[in-house]
Amino acid sequence: MKQLFYLLTAFWLLPLAAQPGETSRRMEALGFVNIAEADSTIAIDLMYTRADNFTGQILYDDLREAYLHPDALEGLLQAQRELRLRHPGYRLIVYDAARPMSVQQKMWNLVKGTPKYIYVANPARGGGLHNYGLAVDVSILDAAGNALPMGTRVDHLGYESHITNEAALVKNGKITAQEQTNRQLLRGVMRAAGFRALGSEWWHFNRCSRDEAKQRYRVIP
């Protein structure tokens, strides 16, 4: 009985950040899966838990875990296995995954009326695949745990992040040939796992089309 008391006391004394927040509990209630619990070798570093993102604000007040719909998670786990086959010391790192529409609205409010609006899905039009748990922002860590250089940081909203004309970016010295090769590796493993690349963001991958998401899946409030 005394041991049980100590265990319960230890749980309640855990730091607030160590306990799942309301958003995490809501994600799990909706059937989304914690990526780290499915595969602990995939690194998680949610960029919207900090202010050093393109908005300059913290958008996730209580979310520290990365979640995906099971259909997208299956593909991400496959991509991790594919990456390990090609480069045994490498692993994926996730910077964003399932995103509530309430957060999407915050993001949209910050970019509407600015040139950056083209990079953010409008909630009034159904949002984007993140809002269904069917998109993931991802990169690669090397064997030492360092992110492979991709030419820009994750979340850089500019033409240097586009994948549609990378040869010109290399030719003009905007990214290096090695950075292009790293991007191609990322796209290769993600596409092999059934994801679709987004032309304007080298780090963003969708599990399906937006039309399919609207027909088959529920948006995250």
# chains A, B, ... in the order shown; residues from 1 in each chain; ligands from 1
$ select_by_dssp --residues "segment 105-210 of chain A" --states "strand (DSSP E or B)" --output "list in words"
Ala135, Val136, Asp137, Val138, Ser139, Ile140, Leu141, Ala147, Arg196, Ala197, Leu198, Glu201, Trp202, Trp203, His204, Phe205 and Asn206 of chain A
$ residues_around --residues "segment 114-124 of chain A" --least-positions-apart "5" --cutoff "9 Å" --atoms "only C-alpha atoms" --output "compact mmCIF listing (two decimals) with N, CA and C atoms, in the first residue's frame"
# COMPACT_ATOMS: atom_id res chain seq x y z
N MET A 101 -7.09 22.41 -36.43
CA MET A 101 -7.52 23.52 -37.27
C MET A 101 -7.48 24.84 -36.50
N SER A 102 -7.63 24.78 -35.19
CA SER A 102 -7.54 26.01 -34.39
C SER A 102 -6.16 26.64 -34.50
N GLN A 104 -4.17 26.08 -37.15
CA GLN A 104 -4.11 26.51 -38.54
C GLN A 104 -4.70 27.91 -38.70
N GLN A 105 -5.76 28.19 -37.96
CA GLN A 105 -6.39 29.51 -38.03
C GLN A 105 -5.45 30.59 -37.49
N MET A 107 -2.22 30.46 -37.57
CA MET A 107 -1.18 30.61 -38.57
C MET A 107 -1.67 31.45 -39.74
N TRP A 108 -2.89 31.16 -40.19
CA TRP A 108 -3.47 31.90 -41.31
C TRP A 108 -3.65 33.38 -40.97
N LEU A 129 -3.39 19.17 -45.32
CA LEU A 129 -3.30 17.77 -44.88
C LEU A 129 -2.82 17.64 -43.45
N LEU A 157 10.26 30.08 -45.81
CA LEU A 157 9.26 30.29 -46.84
C LEU A 157 9.85 31.19 -47.93
N GLY A 158 10.41 30.56 -48.93
CA GLY A 158 11.04 31.28 -50.02
C GLY A 158 11.40 30.31 -51.13
N SER A 200 6.70 23.41 -52.99
CA SER A 200 7.24 24.65 -52.42
C SER A 200 7.98 24.47 -51.10
N GLU A 201 7.98 23.25 -50.56
CA GLU A 201 8.63 23.01 -49.26
C GLU A 201 9.32 21.65 -49.28
$ closest_atom_pairs --of "segment 54-125 of chain A" --to "segment 17-39 of chain A" --cutoff "8 Å" --atoms "only C-alpha atoms" --output "CSV"
residue,atom,partner,partner_atom,distance
A:Asp62,CA,A:Gly21,CA,5.3
A:Leu63,CA,A:Thr23,CA,5.9
A:Arg64,CA,A:Pro20,CA,7.9
A:Glu65,CA,A:Asn34,CA,6.6
A:Ala66,CA,A:Asn34,CA,5.8
A:Tyr67,CA,A:Asn34,CA,4.6
A:Leu68,CA,A:Phe32,CA,5.4
A:His69,CA,A:Phe32,CA,4.8
A:Pro70,CA,A:Val33,CA,6.3
A:Leu73,CA,A:Ile35,CA,7.1
A:Leu77,CA,A:Asp39,CA,7.2
$ atom_distance --atom1 "atom CA of Gly89 of chain A" --atom2 "atom CA of Ile140 of chain A"
10.5 Å
$ closest_residue --among "A:Gln180, A:Asn172, A:Ser40, A:Asn206" --to "Gln80 of chain A" --atoms "only C-alpha atoms"
A:Ser40
$ closest_residue --among "A:Asn165, A:Val189, A:Glu74, A:Asp45" --to "Ala147 of chain A" --atoms "only C-alpha atoms"
A:Asp45
$ atom_distance --atom1 "atom CA of Ile220 of chain A" --atom2 "atom CA of Leu59 of chain A"
15.3 Å
$ residues_around --residues "Lys214 of chain A" --least-positions-apart "4" --cutoff "9 Å" --atoms "only C-alpha atoms" --output "ChimeraX atom specification"
/A:126,132,209-210,218-219
$ write_last_selection --atoms "N, CA and C atoms" --output "PDB file, in the first residue's frame"
ATOM      1  N   GLY A 126     -10.935  24.557 -45.974  1.00  0.00           N
ATOM      2  CA  GLY A 126     -10.711  23.198 -45.509  1.00  0.00           C
ATOM      3  C   GLY A 126      -9.338  22.914 -44.962  1.00  0.00           C
ATOM      4  N   TYR A 132      -5.604  17.028 -41.018  1.00  0.00           N
ATOM      5  CA  TYR A 132      -6.214  15.702 -40.995  1.00  0.00           C
ATOM      6  C   TYR A 132      -5.256  14.661 -40.393  1.00  0.00           C
ATOM      7  N   SER A 209      -4.160  13.088 -51.488  1.00  0.00           N
ATOM      8  CA  SER A 209      -4.580  14.387 -52.004  1.00  0.00           C
ATOM      9  C   SER A 209      -5.538  15.055 -51.022  1.00  0.00           C
ATOM     10  N   ARG A 210      -5.724  16.356 -51.190  1.00  0.00           N
ATOM     11  CA  ARG A 210      -6.653  17.081 -50.328  1.00  0.00           C
ATOM     12  C   ARG A 210      -8.085  16.616 -50.559  1.00  0.00           C
ATOM     13  N   ARG A 218     -11.564  12.878 -41.206  1.00  0.00           N
ATOM     14  CA  ARG A 218     -12.128  13.989 -40.438  1.00  0.00           C
ATOM     15  C   ARG A 218     -11.044  14.998 -40.094  1.00  0.00           C
ATOM     16  N   VAL A 219     -11.409  16.256 -40.157  1.00  0.00           N
ATOM     17  CA  VAL A 219     -10.472  17.309 -39.788  1.00  0.00           C
ATOM     18  C   VAL A 219     -10.336  17.348 -38.271  1.00  0.00           C
TER      19      VAL A 219
END
$ residues_around --residues "Asp155 of chain A" --least-positions-apart "3" --cutoff "12 Å" --atoms "only C-alpha atoms" --output "PyMOL selection string"
chain A and resi 46-48+52-56+95-96+116+119-120+137-139+150-152+158-162+200-204
$ write_last_selection --atoms "C-alpha atoms" --output "PDB file, in the first residue's frame"
ATOM      1  CA  LEU A  46       8.053  20.219 -33.059  1.00  0.00           C
ATOM      2  CA  MET A  47       8.999  23.621 -34.430  1.00  0.00           C
ATOM      3  CA  TYR A  48       5.787  25.362 -33.399  1.00  0.00           C
ATOM      4  CA  ASP A  52      11.869  30.486 -33.762  1.00  0.00           C
ATOM      5  CA  ASN A  53       9.593  29.572 -36.657  1.00  0.00           C
ATOM      6  CA  PHE A  54       8.356  31.680 -39.567  1.00  0.00           C
ATOM      7  CA  THR A  55       5.488  33.137 -37.500  1.00  0.00           C
ATOM      8  CA  GLY A  56       7.773  34.289 -34.668  1.00  0.00           C
ATOM      9  CA  TYR A  95       9.233  18.906 -37.148  1.00  0.00           C
ATOM     10  CA  ASP A  96       5.435  18.945 -37.444  1.00  0.00           C
ATOM     11  CA  LYS A 116       3.603  34.368 -47.209  1.00  0.00           C
ATOM     12  CA  TYR A 119       2.478  28.842 -48.092  1.00  0.00           C
ATOM     13  CA  VAL A 120      -0.374  28.411 -45.594  1.00  0.00           C
ATOM     14  CA  ASP A 137       7.264  17.962 -41.972  1.00  0.00           C
ATOM     15  CA  VAL A 138      10.400  15.864 -41.859  1.00  0.00           C
ATOM     16  CA  SER A 139      14.144  15.777 -42.471  1.00  0.00           C
ATOM     17  CA  MET A 150      19.159  20.879 -47.163  1.00  0.00           C
ATOM     18  CA  GLY A 151      19.987  24.369 -48.408  1.00  0.00           C
ATOM     19  CA  THR A 152      17.577  26.160 -46.088  1.00  0.00           C
ATOM     20  CA  GLY A 158      11.040  31.277 -50.023  1.00  0.00           C
ATOM     21  CA  TYR A 159      11.997  29.969 -53.464  1.00  0.00           C
ATOM     22  CA  GLU A 160      15.197  28.425 -52.066  1.00  0.00           C
ATOM     23  CA  SER A 161      12.960  25.847 -50.349  1.00  0.00           C
ATOM     24  CA  HIS A 162      11.180  24.891 -53.580  1.00  0.00           C
ATOM     25  CA  SER A 200       7.235  24.648 -52.420  1.00  0.00           C
ATOM     26  CA  GLU A 201       8.627  23.011 -49.256  1.00  0.00           C
ATOM     27  CA  TRP A 202      11.338  20.345 -49.373  1.00  0.00           C
ATOM     28  CA  TRP A 203      10.374  19.120 -45.890  1.00  0.00           C
ATOM     29  CA  HIS A 204       6.621  18.691 -46.400  1.00  0.00           C
TER      30      HIS A 204
END
$ closest_residue --among "A:Gly188, A:Gly127, A:Ala135, A:Leu169" --to "Val94 of chain A" --atoms "only C-alpha atoms"
A:Ala135
$ atom_distance --atom1 "atom CA of Asn131 of chain A" --atom2 "atom CA of Thr164 of chain A"
24.4 Å
$ residues_around --residues "Arg81 of chain A" --least-positions-apart "6" --cutoff "10 Å" --atoms "only C-alpha atoms" --output "ChimeraX atom specification"
/A:75,87-88,91-92,189,193
$ select_by_dssp --residues "segment 23-215 of chain A" --states "helix (DSSP H, G or I)" --output "PDB file with C-alpha atoms, in the first residue's frame"
ATOM      1  CA  THR A  23      -4.415  18.642 -27.039  1.00  0.00           C
ATOM      2  CA  SER A  24      -2.535  15.343 -26.798  1.00  0.00           C
ATOM      3  CA  ARG A  25      -5.419  13.705 -24.968  1.00  0.00           C
ATOM      4  CA  ARG A  26      -7.809  15.001 -27.623  1.00  0.00           C
ATOM      5  CA  MET A  27      -5.593  13.659 -30.407  1.00  0.00           C
ATOM      6  CA  GLU A  28      -5.562  10.223 -28.851  1.00  0.00           C
ATOM      7  CA  ALA A  29      -9.320  10.282 -28.311  1.00  0.00           C
ATOM      8  CA  ILE A  35       4.883   8.824 -33.446  1.00  0.00           C
ATOM      9  CA  ALA A  36       7.502   8.432 -30.699  1.00  0.00           C
ATOM     10  CA  GLU A  37       5.516   5.630 -29.088  1.00  0.00           C
ATOM     11  CA  ALA A  38       5.223   3.829 -32.423  1.00  0.00           C
ATOM     12  CA  MET A  47       8.999  23.621 -34.430  1.00  0.00           C
ATOM     13  CA  TYR A  48       5.787  25.362 -33.399  1.00  0.00           C
ATOM     14  CA  THR A  49       6.443  24.696 -29.718  1.00  0.00           C
ATOM     15  CA  PRO A  70      -2.647   5.632 -38.471  1.00  0.00           C
ATOM     16  CA  ASP A  71      -2.713   5.578 -42.290  1.00  0.00           C
ATOM     17  CA  ALA A  72       0.008   8.239 -42.464  1.00  0.00           C
ATOM     18  CA  LEU A  73       1.948   6.746 -39.572  1.00  0.00           C
ATOM     19  CA  GLU A  74       2.201   3.430 -41.393  1.00  0.00           C
ATOM     20  CA  GLY A  75       3.902   5.229 -44.257  1.00  0.00           C
ATOM     21  CA  LEU A  76       6.267   7.149 -41.988  1.00  0.00           C
ATOM     22  CA  LEU A  77       7.409   3.950 -40.291  1.00  0.00           C
ATOM     23  CA  GLN A  78       8.013   2.449 -43.727  1.00  0.00           C
ATOM     24  CA  ALA A  79      10.033   5.523 -44.731  1.00  0.00           C
ATOM     25  CA  GLN A  80      12.180   5.132 -41.623  1.00  0.00           C
ATOM     26  CA  ARG A  81      12.862   1.497 -42.509  1.00  0.00           C
ATOM     27  CA  GLU A  82      13.714   2.485 -46.095  1.00  0.00           C
ATOM     28  CA  LEU A  83      16.127   5.162 -44.879  1.00  0.00           C
ATOM     29  CA  ARG A  84      17.828   2.683 -42.543  1.00  0.00           C
ATOM     30  CA  LEU A  85      18.274   0.260 -45.445  1.00  0.00           C
ATOM     31  CA  ARG A  86      19.964   2.934 -47.548  1.00  0.00           C
ATOM     32  CA  MET A 101      -7.524  23.517 -37.265  1.00  0.00           C
ATOM     33  CA  SER A 102      -7.544  26.011 -34.389  1.00  0.00           C
ATOM     34  CA  VAL A 103      -3.753  26.297 -34.773  1.00  0.00           C
ATOM     35  CA  GLN A 104      -4.111  26.509 -38.545  1.00  0.00           C
ATOM     36  CA  GLN A 105      -6.388  29.507 -38.029  1.00  0.00           C
ATOM     37  CA  LYS A 106      -3.757  31.200 -35.852  1.00  0.00           C
ATOM     38  CA  MET A 107      -1.176  30.610 -38.565  1.00  0.00           C
ATOM     39  CA  TRP A 108      -3.467  31.898 -41.313  1.00  0.00           C
ATOM     40  CA  ASN A 109      -4.297  35.040 -39.356  1.00  0.00           C
ATOM     41  CA  LEU A 110      -0.586  35.860 -39.233  1.00  0.00           C
ATOM     42  CA  VAL A 111       0.065  35.494 -42.977  1.00  0.00           C
ATOM     43  CA  PRO A 115       3.291  37.423 -49.482  1.00  0.00           C
ATOM     44  CA  LYS A 116       3.603  34.368 -47.209  1.00  0.00           C
ATOM     45  CA  TYR A 117      -0.094  33.516 -47.480  1.00  0.00           C
ATOM     46  CA  ILE A 118       0.646  31.214 -50.434  1.00  0.00           C
ATOM     47  CA  TYR A 119       2.478  28.842 -48.092  1.00  0.00           C
ATOM     48  CA  PRO A 123      -8.941  27.168 -42.944  1.00  0.00           C
ATOM     49  CA  ALA A 124     -12.007  28.581 -44.706  1.00  0.00           C
ATOM     50  CA  ARG A 125     -11.189  26.279 -47.633  1.00  0.00           C
ATOM     51  CA  LEU A 129      -3.304  17.773 -44.880  1.00  0.00           C
ATOM     52  CA  HIS A 130      -1.712  18.589 -41.516  1.00  0.00           C
ATOM     53  CA  ASN A 131      -5.235  19.294 -40.279  1.00  0.00           C
ATOM     54  CA  TYR A 132      -6.214  15.702 -40.995  1.00  0.00           C
ATOM     55  CA  TYR A 159      11.997  29.969 -53.464  1.00  0.00           C
ATOM     56  CA  GLU A 160      15.197  28.425 -52.066  1.00  0.00           C
ATOM     57  CA  SER A 161      12.960  25.847 -50.349  1.00  0.00           C
ATOM     58  CA  GLU A 166      16.634  22.645 -57.769  1.00  0.00           C
ATOM     59  CA  ALA A 167      19.111  22.390 -60.636  1.00  0.00           C
ATOM     60  CA  ALA A 168      18.840  26.154 -61.091  1.00  0.00           C
ATOM     61  CA  LEU A 169      19.267  26.683 -57.344  1.00  0.00           C
ATOM     62  CA  VAL A 170      22.514  24.713 -57.512  1.00  0.00           C
ATOM     63  CA  LYS A 171      23.680  26.494 -60.651  1.00  0.00           C
ATOM     64  CA  ALA A 177      25.029  19.902 -55.036  1.00  0.00           C
ATOM     65  CA  GLN A 178      25.315  17.926 -51.779  1.00  0.00           C
ATOM     66  CA  GLU A 179      22.261  19.692 -50.355  1.00  0.00           C
ATOM     67  CA  GLN A 180      20.316  18.773 -53.473  1.00  0.00           C
ATOM     68  CA  THR A 181      21.469  15.160 -53.071  1.00  0.00           C
ATOM     69  CA  ASN A 182      20.270  15.197 -49.462  1.00  0.00           C
ATOM     70  CA  ARG A 183      16.868  16.492 -50.549  1.00  0.00           C
ATOM     71  CA  GLN A 184      16.670  13.765 -53.177  1.00  0.00           C
ATOM     72  CA  LEU A 185      17.423  11.138 -50.539  1.00  0.00           C
ATOM     73  CA  LEU A 186      14.619  12.470 -48.351  1.00  0.00           C
ATOM     74  CA  ARG A 187      12.166  12.506 -51.250  1.00  0.00           C
ATOM     75  CA  GLY A 188      13.277   9.052 -52.297  1.00  0.00           C
ATOM     76  CA  VAL A 189      12.526   7.373 -48.984  1.00  0.00           C
ATOM     77  CA  MET A 190       9.280   9.274 -48.473  1.00  0.00           C
ATOM     78  CA  ARG A 191       7.983   8.547 -51.955  1.00  0.00           C
ATOM     79  CA  ALA A 192       8.982   4.899 -51.593  1.00  0.00           C
ATOM     80  CA  ARG A 210      -6.653  17.081 -50.328  1.00  0.00           C
ATOM     81  CA  ASP A 211      -9.793  15.862 -52.103  1.00  0.00           C
ATOM     82  CA  GLU A 212      -9.261  12.340 -50.792  1.00  0.00           C
ATOM     83  CA  ALA A 213      -8.674  13.670 -47.286  1.00  0.00           C
ATOM     84  CA  LYS A 214     -11.944  15.615 -47.374  1.00  0.00           C
ATOM     85  CA  GLN A 215     -13.848  12.567 -48.595  1.00  0.00           C
TER      86      GLN A 215
END
$ closest_residue --among "A:Cys208, A:Ala197, A:Pro149, A:Leu141" --to "Ile175 of chain A" --atoms "only C-alpha atoms"
A:Pro149
